[in-house]
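Down below is the structure, laid out as structure tokens.
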Amino acid sequence: MYTEKVMEHFRNPRNVGEVENPDGVGEVGNPTCGDMMRITIKVKDDKIDDIKFKTLGCGAAIATSSMVTELAQGMSLEDAEKISRQDIADALDGLPPQKMHCSVLAADGLREAITDYRSKHPAEEG
Amino acid sequence: MEKSIYMDYAATTPMRREVLDAMMPYLTDEFGNPSSLYTLGRRTRGVIEEARERIAAFLGADPREIVFTSGGTEADNFAVKGTVYANEKKGNHIITTPIEHHAILAPCHYLEKRGFDVTYLPVDEYGLVDAADVAKAITEETVLVSVMHANNEIGTIEPIEEISKVTRDKKVLFHTDAVQTFGHIPTKVDVLGVDLLSMSAHKLYGPKGVGALYVRKGTKMVPVMHGGSQEHNRRGGTHNVAGIVGFAKAVELAEKEMDAEAKRLIELRDYLIAGIVERVEDVRVNGHPSKRLPNNASVCLNGAEGEAILLSLDMENISSSSGSACTSGTLDPSHVLLAIGVPAEVAHSSLRLTFGSTTTKAEIDYVLEVLPPIITRLRAMSPLDASWGKKC
Ligand SMILES: Cc1ncc(COP(=O)(O)O)c(C=O)c1O
Ligand code: FES
């Protein structure tokens, strides 16, 4: 049911763990199924300099978490914030319809980490 | 290990070679319609009656009490709808359990919408029903009690003999879904004391899409399948001749091998469960420790998610099953685990391994070797640590 790309990210998830002394932390739970995720980011020059995730969830939850860290790595905060669940699903060559909600976790987790960073660094907002 | 390891026998079993051989003539030359009067038809009519006798004998029943169906789901639907619609004058109350298969629960939900009352009995932490609760639940209006013989997820075997004492005493029809037990542990209808019993061939090395309902003589039923006069007007439709022959062959083999096989599987089961508990921390064993299907191991591996466990095992060529929300399609964790009081977040981490004829101790050892590192890896990926909810 999963694409080869989803399985590849499930087998070898990128950027698992937590960055040291994170500048932003996003913690989200998936209300639909109870799965959970934490994204930690390091920010440099308004760009995502380092990003890691930890996820408790299904294959799609792990693969989308992995993919969002890969997509966001090196991106400006402004662009990273715009990554949608559809972008993540597309990057994985699609998700089964009943698994689309899993990608919400990854998109929301990243946005929350950025919001957390901004709340702690209001001065740096140009 | 290159070989693939199948540990989902509760979902379905591989059909045996002897079963296929028995079926083959009826998929080729012996194609006559059993309802036809000429020789070709009479021959297939004959084999269906032989199959019926074989299955009836195995149940300790009369051949006329066997109604062939398209499987367990149809047998369950027939048992529930067939009896309550035939007894509408008597009452409109059904008693069942919250841990039944959807083939019982869905017809009950359907009937509730049409004005029937359904009582869902309480179950204990193992999923056991108490016969005393059945006695308390029965009213003047009760027409049917349906309690499964053994649960397909957690393996618990229900006290059917005790419950039937109550239903006999109160003169209420008693059905049991024996899809998981038929051909695996004894299911003599007079010992169990049931009036109706569901079976499905593909759970005992027979073909898919064929099963039967045992209906005790004198039980009023309306047909679920209106059509021709087959099965004494209880189930219309040209018989699935090859399927029925295969079903009977599977029963014949089960009759010979069942007791020894159950013993062998119980040993493997207890070895596997003990091995998991020993090697993995924070494990919950689901279901009763001894009143349990010989081939069922069900556990919750807290802190790892069921589908992720299942996919990881599949990468090691092991086929398994999970009752986690993420695998269910409905996104709710297993109704069985919730009913026995497992918290939703724990139910999320469930893994069911069910085995059978091809399972060896070497395969169990392989599972015990690969499972612990899978759980360690998934737990290491989980954000639920001491700092969860306390952003730096
Ligand atoms: C307890 C139980 N009842 C009913 C069924 C349905 O049987 P079938 O697949 O033959 O329709 C199953 C099998 O999935 C089962 O385990
Ligand atoms: S995150 Fe739970 S179903 Fe995917």
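In the structure tokens, each chain is lettered A, B, ... as it comes, each chain's residues begin at 1, and ligands are numbered from 1 in order of appearance.
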
Item to check | At most 10 Å to chain B: residues in chain A, only C-alpha atoms, as a ChimeraX atom specification | outcome: /A:7,10-11,13,16-18,21-28,32-40,53-62,98-99,102,116

Next on the checklist: Which residues are near B:Ile185? Cut-off 12 Å, only C-alpha atoms, ignore same chain within fewer than 5 positions. Put them as a list in words.
Outcome noted: Phe58, Leu59, His149, Ala150, Ile157, Ala178, Val179, Gln180, Leu192, Leu204, Val251, Ala254, Glu255, Lys256, Glu257, Met258, Asp259, Ala260, Glu261, Ala262, Lys263, Leu265, Ile266, Lys291, Arg292, Leu293, Pro294 and Asn295 of chain B

Checklist entry - If you count only C-alpha atoms, which residues fall within 7 Å of B:Ala201, apart from same-chain ones fewer than 5 positions away, as a ChimeraX atom specification? => result /B:206-208,210-211,247

Convert the current residue selection to file output with C-alpha atoms, as a PDB file, in the first residue's frame.
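Saved to part_35.pdb:
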ATOM      1  CA  GLY B 206      -9.600 -25.229   3.718  1.00  0.00           C
ATOM      2  CA  PRO B 207     -10.679 -22.936   0.878  1.00  0.00           C
ATOM      3  CA  LYS B 208     -11.814 -19.326   1.300  1.00  0.00           C
ATOM      4  CA  VAL B 210     -17.092 -21.404   2.269  1.00  0.00           C
ATOM      5  CA  GLY B 211     -18.355 -22.150   5.755  1.00  0.00           C
ATOM      6  CA  PHE B 247     -14.146 -27.846   3.601  1.00  0.00           C
TER       7      PHE B 247
END

Next on the checklist: When DSSP is applied to the backbone of this structure, which of stretch 130-292 of chain B are assigned strand (DSSP E)? Write them out as an MDAnalysis selection string.
Outcome noted: chainID B and resid 142:146 173:177 196:200 211:215 283:285

Limited to C-alpha atoms, could you put the picked residues into a file as an mmCIF file, in the first residue's frame?
data_model
loop_
_atom_site.group_PDB
_atom_site.id
_atom_site.type_symbol
_atom_site.label_atom_id
_atom_site.label_comp_id
_atom_site.auth_asym_id
_atom_site.auth_seq_id
_atom_site.Cartn_x
_atom_site.Cartn_y
_atom_site.Cartn_z
ATOM 1 C CA THR B 142 -34.565 -11.892 24.918
ATOM 2 C CA VAL B 143 -34.489 -14.005 21.767
ATOM 3 C CA LEU B 144 -30.784 -14.632 21.245
ATOM 4 C CA VAL B 145 -27.509 -14.772 23.176
ATOM 5 C CA SER B 146 -24.375 -14.743 21.007
ATOM 6 C CA LEU B 173 -31.359 -19.434 21.823
ATOM 7 C CA PHE B 174 -27.575 -19.499 22.149
ATOM 8 C CA HIS B 175 -25.187 -18.898 19.258
ATOM 9 C CA THR B 176 -21.413 -19.122 19.287
ATOM 10 C CA ASP B 177 -18.997 -17.873 16.642
ATOM 11 C CA LEU B 196 -26.163 -22.308 16.623
ATOM 12 C CA LEU B 197 -22.452 -22.390 15.750
ATOM 13 C CA SER B 198 -20.529 -20.579 12.969
ATOM 14 C CA MET B 199 -17.638 -22.130 11.037
ATOM 15 C CA SER B 200 -15.333 -21.002 8.242
ATOM 16 C CA GLY B 211 -18.355 -22.150 5.755
ATOM 17 C CA ALA B 212 -21.415 -23.351 7.580
ATOM 18 C CA LEU B 213 -23.866 -22.621 10.343
ATOM 19 C CA TYR B 214 -24.951 -25.388 12.684
ATOM 20 C CA VAL B 215 -28.652 -24.903 13.479
ATOM 21 C CA VAL B 283 5.253 -5.768 27.672
ATOM 22 C CA ARG B 284 1.588 -6.437 28.326
ATOM 23 C CA VAL B 285 0.289 -9.887 27.428
#

Checklist entry - What lies within 12 Å of B:Pro25 using only C-alpha atoms, ignoring chain neighbours under 2 positions off, as a VMD selection string? => result chain B and resid 19 to 23 27 to 32 43 to 44 47 241 to 243 245 to 246

Next on the checklist: Let's see if you can do this: from backbone DSSP, list all helix (DSSP H, G or I) residues in stretch 9-125 of chain A, as an NGL selection string.
Outcome noted: :A and (9-11 or 59-72 or 77-81 or 85-91 or 97-99 or 102-120 or 122-124)

If you count only C-alpha atoms, which residues fall within 12 Å of B:Ile99, apart from same-chain ones fewer than 3 positions away, as a CSV table (one decimal) with all heavy atoms, in the first residue's frame?
chain,number,residue,atom,x,y,z
B,96,THR,N,-25.1,-9.9,23.5
B,96,THR,CA,-23.8,-10.3,23.0
B,96,THR,C,-22.7,-9.7,23.8
B,96,THR,O,-22.9,-9.2,24.9
B,96,THR,CB,-23.7,-10.0,21.4
B,96,THR,OG1,-22.6,-10.6,20.9
B,96,THR,CG2,-23.7,-8.5,21.2
B,102,HIS,N,-16.5,-8.3,13.9
B,102,HIS,CA,-17.5,-7.4,13.2
B,102,HIS,C,-18.6,-8.1,12.5
B,102,HIS,O,-19.7,-7.5,12.3
B,102,HIS,CB,-16.7,-6.5,12.2
B,102,HIS,CG,-15.9,-5.5,12.9
B,102,HIS,ND1,-16.4,-4.4,13.7
B,102,HIS,CD2,-14.5,-5.3,13.0
B,102,HIS,CE1,-15.4,-3.7,14.2
B,102,HIS,NE2,-14.3,-4.2,13.8
B,103,ALA,N,-18.4,-9.4,12.2
B,103,ALA,CA,-19.5,-10.1,11.5
B,103,ALA,C,-20.7,-10.4,12.5
B,103,ALA,O,-21.8,-10.7,12.0
B,103,ALA,CB,-18.9,-11.5,11.1
B,104,ILE,N,-20.5,-10.2,13.8
B,104,ILE,CA,-21.6,-10.2,14.7
B,104,ILE,C,-22.0,-8.8,15.1
B,104,ILE,O,-23.1,-8.4,15.1
B,104,ILE,CB,-21.2,-11.0,16.0
B,104,ILE,CG1,-21.0,-12.5,15.7
B,104,ILE,CG2,-22.2,-10.7,17.2
B,104,ILE,CD1,-22.3,-13.2,15.4
B,105,LEU,N,-21.0,-7.9,15.4
B,105,LEU,CA,-21.2,-6.6,15.9
B,105,LEU,C,-22.0,-5.8,14.8
B,105,LEU,O,-22.9,-5.1,15.1
B,105,LEU,CB,-20.0,-5.9,16.3
B,105,LEU,CG,-19.3,-6.4,17.5
B,105,LEU,CD1,-18.0,-5.6,17.8
B,105,LEU,CD2,-20.2,-6.3,18.7
B,106,ALA,N,-21.6,-5.9,13.6
B,106,ALA,CA,-22.2,-5.0,12.5
B,106,ALA,C,-23.7,-5.4,12.3
B,106,ALA,O,-24.5,-4.5,12.3
B,106,ALA,CB,-21.4,-5.1,11.2
B,120,TYR,N,-24.6,-5.4,25.5
B,120,TYR,CA,-23.3,-5.8,25.4
B,120,TYR,C,-22.7,-6.2,26.8
B,120,TYR,O,-22.6,-5.3,27.6
B,120,TYR,CB,-22.4,-4.7,24.7
B,120,TYR,CG,-22.9,-4.4,23.3
B,120,TYR,CD1,-23.9,-3.4,23.1
B,120,TYR,CD2,-22.5,-5.2,22.2
B,120,TYR,CE1,-24.4,-3.2,21.9
B,120,TYR,CE2,-23.0,-4.9,21.0
B,120,TYR,CZ,-23.9,-3.9,20.8
B,120,TYR,OH,-24.4,-3.7,19.5
B,121,LEU,N,-22.5,-7.5,27.0
B,121,LEU,CA,-22.1,-8.0,28.3
B,121,LEU,C,-20.7,-7.4,28.8
B,121,LEU,O,-19.9,-7.2,27.9
B,121,LEU,CB,-22.0,-9.5,28.3
B,121,LEU,CG,-23.3,-10.3,28.0
B,121,LEU,CD1,-22.9,-11.7,27.7
B,121,LEU,CD2,-24.2,-10.2,29.3
B,122,PRO,N,-20.5,-7.2,30.1
B,122,PRO,CA,-19.2,-6.8,30.5
B,122,PRO,C,-18.2,-7.9,30.3
B,122,PRO,O,-18.6,-9.1,30.3
B,122,PRO,CB,-19.4,-6.5,32.0
B,122,PRO,CG,-20.6,-7.2,32.4
B,122,PRO,CD,-21.5,-7.4,31.2
B,123,VAL,N,-16.9,-7.6,30.1
B,123,VAL,CA,-15.9,-8.6,30.0
B,123,VAL,C,-14.8,-8.2,31.0
B,123,VAL,O,-14.6,-7.0,31.3
B,123,VAL,CB,-15.3,-8.8,28.6
B,123,VAL,CG1,-16.3,-9.4,27.7
B,123,VAL,CG2,-14.8,-7.5,28.0
B,124,ASP,N,-14.1,-9.2,31.5
B,124,ASP,CA,-13.0,-8.9,32.5
B,124,ASP,C,-11.7,-8.5,31.8
B,124,ASP,O,-11.7,-8.4,30.5
B,124,ASP,CB,-12.8,-10.0,33.6
B,124,ASP,CG,-12.2,-11.2,33.0
B,124,ASP,OD1,-11.7,-11.2,31.8
B,124,ASP,OD2,-12.1,-12.2,33.7
B,125,GLU,N,-10.6,-8.3,32.5
B,125,GLU,CA,-9.4,-7.9,31.9
B,125,GLU,C,-8.8,-8.9,30.9
B,125,GLU,O,-8.0,-8.5,30.1
B,125,GLU,CB,-8.3,-7.7,33.0
B,125,GLU,CG,-8.1,-9.0,33.8
B,125,GLU,CD,-7.2,-8.8,35.0
B,125,GLU,OE1,-6.1,-8.3,34.8
B,125,GLU,OE2,-7.5,-9.3,36.1
B,126,TYR,N,-9.3,-10.2,31.0
B,126,TYR,CA,-8.8,-11.2,30.0
B,126,TYR,C,-9.8,-11.3,28.8
B,126,TYR,O,-9.5,-12.0,27.9
B,126,TYR,CB,-8.7,-12.5,30.7
B,126,TYR,CG,-7.7,-12.6,31.8
B,126,TYR,CD1,-8.2,-13.0,33.1
B,126,TYR,CD2,-6.4,-12.2,31.7
B,126,TYR,CE1,-7.3,-13.0,34.2
B,126,TYR,CE2,-5.5,-12.2,32.7
B,126,TYR,CZ,-6.0,-12.6,34.0
B,126,TYR,OH,-5.1,-12.7,35.0
B,127,GLY,N,-10.9,-10.6,28.9
B,127,GLY,CA,-11.9,-10.7,27.9
B,127,GLY,C,-12.9,-11.8,28.2
B,127,GLY,O,-13.8,-12.1,27.3
B,128,LEU,N,-12.9,-12.3,29.4
B,128,LEU,CA,-13.9,-13.4,29.8
B,128,LEU,C,-15.2,-12.8,30.2
B,128,LEU,O,-15.4,-11.8,30.9
B,128,LEU,CB,-13.4,-14.2,31.0
B,128,LEU,CG,-12.2,-15.2,30.7
B,128,LEU,CD1,-11.7,-15.7,32.0
B,128,LEU,CD2,-12.7,-16.3,29.8
B,129,VAL,N,-16.3,-13.5,29.7
B,129,VAL,CA,-17.7,-13.2,30.0
B,129,VAL,C,-18.0,-14.0,31.3
B,129,VAL,O,-17.6,-15.2,31.4
B,129,VAL,CB,-18.6,-13.6,28.9
B,129,VAL,CG1,-20.0,-13.5,29.3
B,129,VAL,CG2,-18.3,-12.7,27.7
B,146,SER,N,-25.5,-14.4,21.9
B,146,SER,CA,-24.4,-14.7,21.0
B,146,SER,C,-23.0,-14.4,21.7
B,146,SER,O,-22.8,-13.2,21.9
B,146,SER,CB,-24.5,-14.0,19.7
B,146,SER,OG,-23.4,-14.4,18.8
B,147,VAL,N,-22.3,-15.4,22.0
B,147,VAL,CA,-20.9,-15.2,22.6
B,147,VAL,C,-19.9,-16.0,21.8
B,147,VAL,O,-20.1,-17.2,21.7
B,147,VAL,CB,-20.9,-15.6,24.1
B,147,VAL,CG1,-19.5,-15.5,24.7
B,147,VAL,CG2,-21.9,-14.8,24.9
B,148,MET,N,-18.9,-15.4,21.4
B,148,MET,CA,-17.9,-16.1,20.6
B,148,MET,C,-17.2,-17.2,21.4
B,148,MET,O,-17.0,-17.1,22.6
B,148,MET,CB,-16.9,-15.2,19.9
B,148,MET,CG,-15.9,-14.5,20.9
B,148,MET,SD,-15.2,-13.0,20.2
B,148,MET,CE,-14.8,-13.4,18.5
B,149,HIS,N,-16.8,-18.3,20.7
B,149,HIS,CA,-16.1,-19.4,21.4
B,149,HIS,C,-14.7,-19.0,21.8
B,149,HIS,O,-14.3,-19.1,22.9
B,149,HIS,CB,-16.1,-20.7,20.5
B,149,HIS,CG,-15.6,-21.9,21.2
B,149,HIS,ND1,-15.3,-23.0,20.6
B,149,HIS,CD2,-15.4,-22.1,22.5
B,149,HIS,CE1,-14.9,-24.0,21.5
B,149,HIS,NE2,-15.0,-23.4,22.7
B,150,ALA,N,-14.0,-18.4,20.8
B,150,ALA,CA,-12.7,-17.8,21.2
B,150,ALA,C,-12.5,-16.5,20.4
B,150,ALA,O,-12.9,-16.4,19.3
B,150,ALA,CB,-11.5,-18.8,20.9
B,151,ASN,N,-11.8,-15.6,21.0
B,151,ASN,CA,-11.6,-14.3,20.4
B,151,ASN,C,-10.4,-14.3,19.4
B,151,ASN,O,-9.4,-14.8,19.7
B,151,ASN,CB,-11.4,-13.2,21.5
B,151,ASN,CG,-11.3,-11.8,20.8
B,151,ASN,OD1,-10.2,-11.4,20.5
B,151,ASN,ND2,-12.4,-11.2,20.6
B,152,ASN,N,-10.7,-13.7,18.3
B,152,ASN,CA,-9.7,-13.8,17.2
B,152,ASN,C,-8.5,-12.9,17.5
B,152,ASN,O,-7.4,-13.1,16.9
B,152,ASN,CB,-10.3,-13.4,15.9
B,152,ASN,CG,-11.2,-12.2,15.9
B,152,ASN,OD1,-12.1,-12.1,16.7
B,152,ASN,ND2,-10.8,-11.2,15.2
B,153,GLU,N,-8.6,-11.8,18.3
B,153,GLU,CA,-7.5,-11.0,18.5
B,153,GLU,C,-6.6,-11.4,19.7
B,153,GLU,O,-5.4,-11.5,19.6
B,153,GLU,CB,-7.9,-9.5,18.8
B,153,GLU,CG,-8.4,-8.9,17.5
B,153,GLU,CD,-8.7,-7.4,17.7
B,153,GLU,OE1,-8.0,-6.7,18.5
B,153,GLU,OE2,-9.7,-6.9,17.1
B,154,ILE,N,-7.3,-11.6,20.9
B,154,ILE,CA,-6.5,-11.9,22.1
B,154,ILE,C,-6.5,-13.4,22.4
B,154,ILE,O,-5.9,-13.8,23.4
B,154,ILE,CB,-7.0,-11.0,23.3
B,154,ILE,CG1,-8.5,-11.3,23.5
B,154,ILE,CG2,-6.8,-9.5,23.0
B,154,ILE,CD1,-9.0,-10.6,24.8
B,155,GLY,N,-7.3,-14.2,21.7
B,155,GLY,CA,-7.2,-15.6,21.9
B,155,GLY,C,-8.0,-16.2,23.0
B,155,GLY,O,-8.1,-17.5,23.2
B,156,THR,N,-8.6,-15.4,23.9
B,156,THR,CA,-9.3,-15.9,25.1
B,156,THR,C,-10.5,-16.8,24.7
B,156,THR,O,-11.3,-16.5,23.8
B,156,THR,CB,-9.9,-14.7,25.9
B,156,THR,OG1,-8.7,-14.0,26.4
B,156,THR,CG2,-10.7,-15.2,27.1
B,157,ILE,N,-10.6,-18.0,25.4
B,157,ILE,CA,-11.7,-18.9,25.1
B,157,ILE,C,-12.8,-18.7,26.2
B,157,ILE,O,-12.5,-18.7,27.4
B,157,ILE,CB,-11.2,-20.4,25.2
B,157,ILE,CG1,-10.1,-20.6,24.1
B,157,ILE,CG2,-12.3,-21.4,25.1
B,157,ILE,CD1,-9.4,-22.0,24.3
B,158,GLU,N,-14.0,-18.5,25.7
B,158,GLU,CA,-15.1,-18.1,26.6
B,158,GLU,C,-15.7,-19.4,27.3
B,158,GLU,O,-15.7,-20.4,26.7
B,158,GLU,CB,-16.2,-17.3,25.8
B,158,GLU,CG,-15.7,-16.0,25.2
B,158,GLU,CD,-15.3,-15.0,26.3
B,158,GLU,OE1,-15.7,-15.1,27.4
B,158,GLU,OE2,-14.7,-14.0,25.9
B,177,ASP,N,-19.9,-18.0,17.8
B,177,ASP,CA,-19.0,-17.9,16.6
B,177,ASP,C,-17.7,-18.7,16.9
B,177,ASP,O,-16.9,-18.3,17.7
B,177,ASP,CB,-18.7,-16.4,16.5
B,177,ASP,CG,-17.7,-16.1,15.3
B,177,ASP,OD1,-17.0,-17.1,14.9
B,177,ASP,OD2,-17.6,-15.0,14.9
B,287,GLY,N,-5.1,-11.1,26.8
B,287,GLY,CA,-5.9,-12.4,26.8
B,287,GLY,C,-5.5,-13.2,28.0
B,287,GLY,O,-4.6,-12.9,28.7
B,334,SER,N,-8.1,-1.2,18.4
B,334,SER,CA,-8.9,-2.4,18.4
B,334,SER,C,-10.0,-2.3,19.5
B,334,SER,O,-9.8,-2.0,20.7
B,334,SER,CB,-8.1,-3.6,18.8
B,334,SER,OG,-8.7,-4.5,19.6
B,335,HIS,N,-11.3,-2.6,19.1
B,335,HIS,CA,-12.4,-2.5,20.0
B,335,HIS,C,-12.3,-3.6,21.1
B,335,HIS,O,-12.8,-3.4,22.2
B,335,HIS,CB,-13.8,-2.7,19.3
B,335,HIS,CG,-14.0,-4.0,18.6
B,335,HIS,ND1,-13.3,-4.4,17.4
B,335,HIS,CD2,-14.7,-5.1,19.0
B,335,HIS,CE1,-13.7,-5.6,17.1
B,335,HIS,NE2,-14.5,-6.1,18.1
B,336,VAL,N,-11.5,-4.7,20.8
B,336,VAL,CA,-11.3,-5.7,21.7
B,336,VAL,C,-10.4,-5.3,22.9
B,336,VAL,O,-10.7,-5.4,24.0
B,336,VAL,CB,-10.8,-7.0,21.1
B,336,VAL,CG1,-10.5,-8.1,22.1
B,336,VAL,CG2,-11.7,-7.5,20.0
B,337,LEU,N,-9.3,-4.7,22.5
B,337,LEU,CA,-8.3,-4.2,23.5
B,337,LEU,C,-9.0,-3.1,24.4
B,337,LEU,O,-8.8,-3.1,25.6
B,337,LEU,CB,-7.1,-3.7,22.8
B,337,LEU,CG,-6.3,-4.8,22.1
B,337,LEU,CD1,-5.1,-4.2,21.4
B,337,LEU,CD2,-5.8,-5.9,23.1
B,338,LEU,N,-9.7,-2.2,23.8
B,338,LEU,CA,-10.4,-1.2,24.6
B,338,LEU,C,-11.4,-1.8,25.5
B,338,LEU,O,-11.5,-1.4,26.7
B,338,LEU,CB,-11.0,-0.1,23.6
B,338,LEU,CG,-10.1,0.7,22.7
B,338,LEU,CD1,-10.9,1.7,21.9
B,338,LEU,CD2,-9.1,1.4,23.5
B,339,ALA,N,-12.1,-2.8,25.1
B,339,ALA,CA,-13.1,-3.4,25.9
B,339,ALA,C,-12.5,-4.2,27.1
B,339,ALA,O,-13.2,-4.3,28.2
B,339,ALA,CB,-14.0,-4.4,25.1
B,340,ILE,N,-11.3,-4.7,27.0
B,340,ILE,CA,-10.7,-5.4,28.1
B,340,ILE,C,-9.9,-4.4,29.0
B,340,ILE,O,-9.1,-4.8,29.9
B,340,ILE,CB,-9.8,-6.6,27.7
B,340,ILE,CG1,-8.6,-6.2,26.9
B,340,ILE,CG2,-10.7,-7.6,27.0
B,340,ILE,CD1,-7.6,-7.3,26.7
B,341,GLY,N,-10.1,-3.1,28.7
B,341,GLY,CA,-9.5,-2.1,29.6
B,341,GLY,C,-8.1,-1.6,29.3
B,341,GLY,O,-7.4,-1.0,30.1

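Taking only C-alpha atoms, the non-local environment of B:Val134 within 8 Å (same-chain residues fewer than 3 positions away omitted) comprises Ile95, Leu121, Asp130, Ala131, Ala137, Ile138, Ile163 and Val166 of chain B.
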
Set the distance at 9 Å and use only C-alpha atoms: which residues neighbour B:Asp282 once local chain neighbours fewer than 4 positions away are removed? I'd like the list as a compact mmCIF listing (two decimals) with N, CA, C and O atoms, in the first residue's frame.
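And here is the file that came out, part_20.txt:
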# COMPACT_ATOMS: atom_id res chain seq x y z
N VAL B 277 8.34 -11.63 26.76
CA VAL B 277 8.31 -10.98 28.08
C VAL B 277 9.73 -10.89 28.66
O VAL B 277 10.10 -9.90 29.29
N CYS B 300 1.10 -6.13 23.92
CA CYS B 300 1.28 -4.72 23.65
C CYS B 300 2.71 -4.37 24.01
O CYS B 300 3.18 -4.70 25.10
N LEU B 301 3.41 -3.74 23.08
CA LEU B 301 4.81 -3.40 23.26
C LEU B 301 4.89 -1.88 23.40
O LEU B 301 5.27 -1.16 22.47
N ASN B 302 4.47 -1.45 24.57
CA ASN B 302 4.33 -0.04 24.89
C ASN B 302 5.47 0.84 24.37
O ASN B 302 6.63 0.48 24.54
N GLY B 303 5.12 1.95 23.73
CA GLY B 303 6.15 2.88 23.28
C GLY B 303 6.60 2.64 21.85
O GLY B 303 7.45 3.37 21.33

Checklist entry - Quick one: of B:Gly71, B:Gly275, B:Gly41, B:Pro63, who's nearest to ligand 1, counting only C-alpha atoms and all ligand atoms? => result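 Closest to ligand 1, using only C-alpha atoms and all ligand atoms: B:Gly71.
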
Next on the checklist: Given only C-alpha atoms and all ligand atoms as the basis, pick out the residue of B:Gly91, B:Gly323, B:Met221, B:Glu53 nearest to ligand 2.
Outcome noted: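 Selected residue with least distance to ligand 2: B:Gly323.
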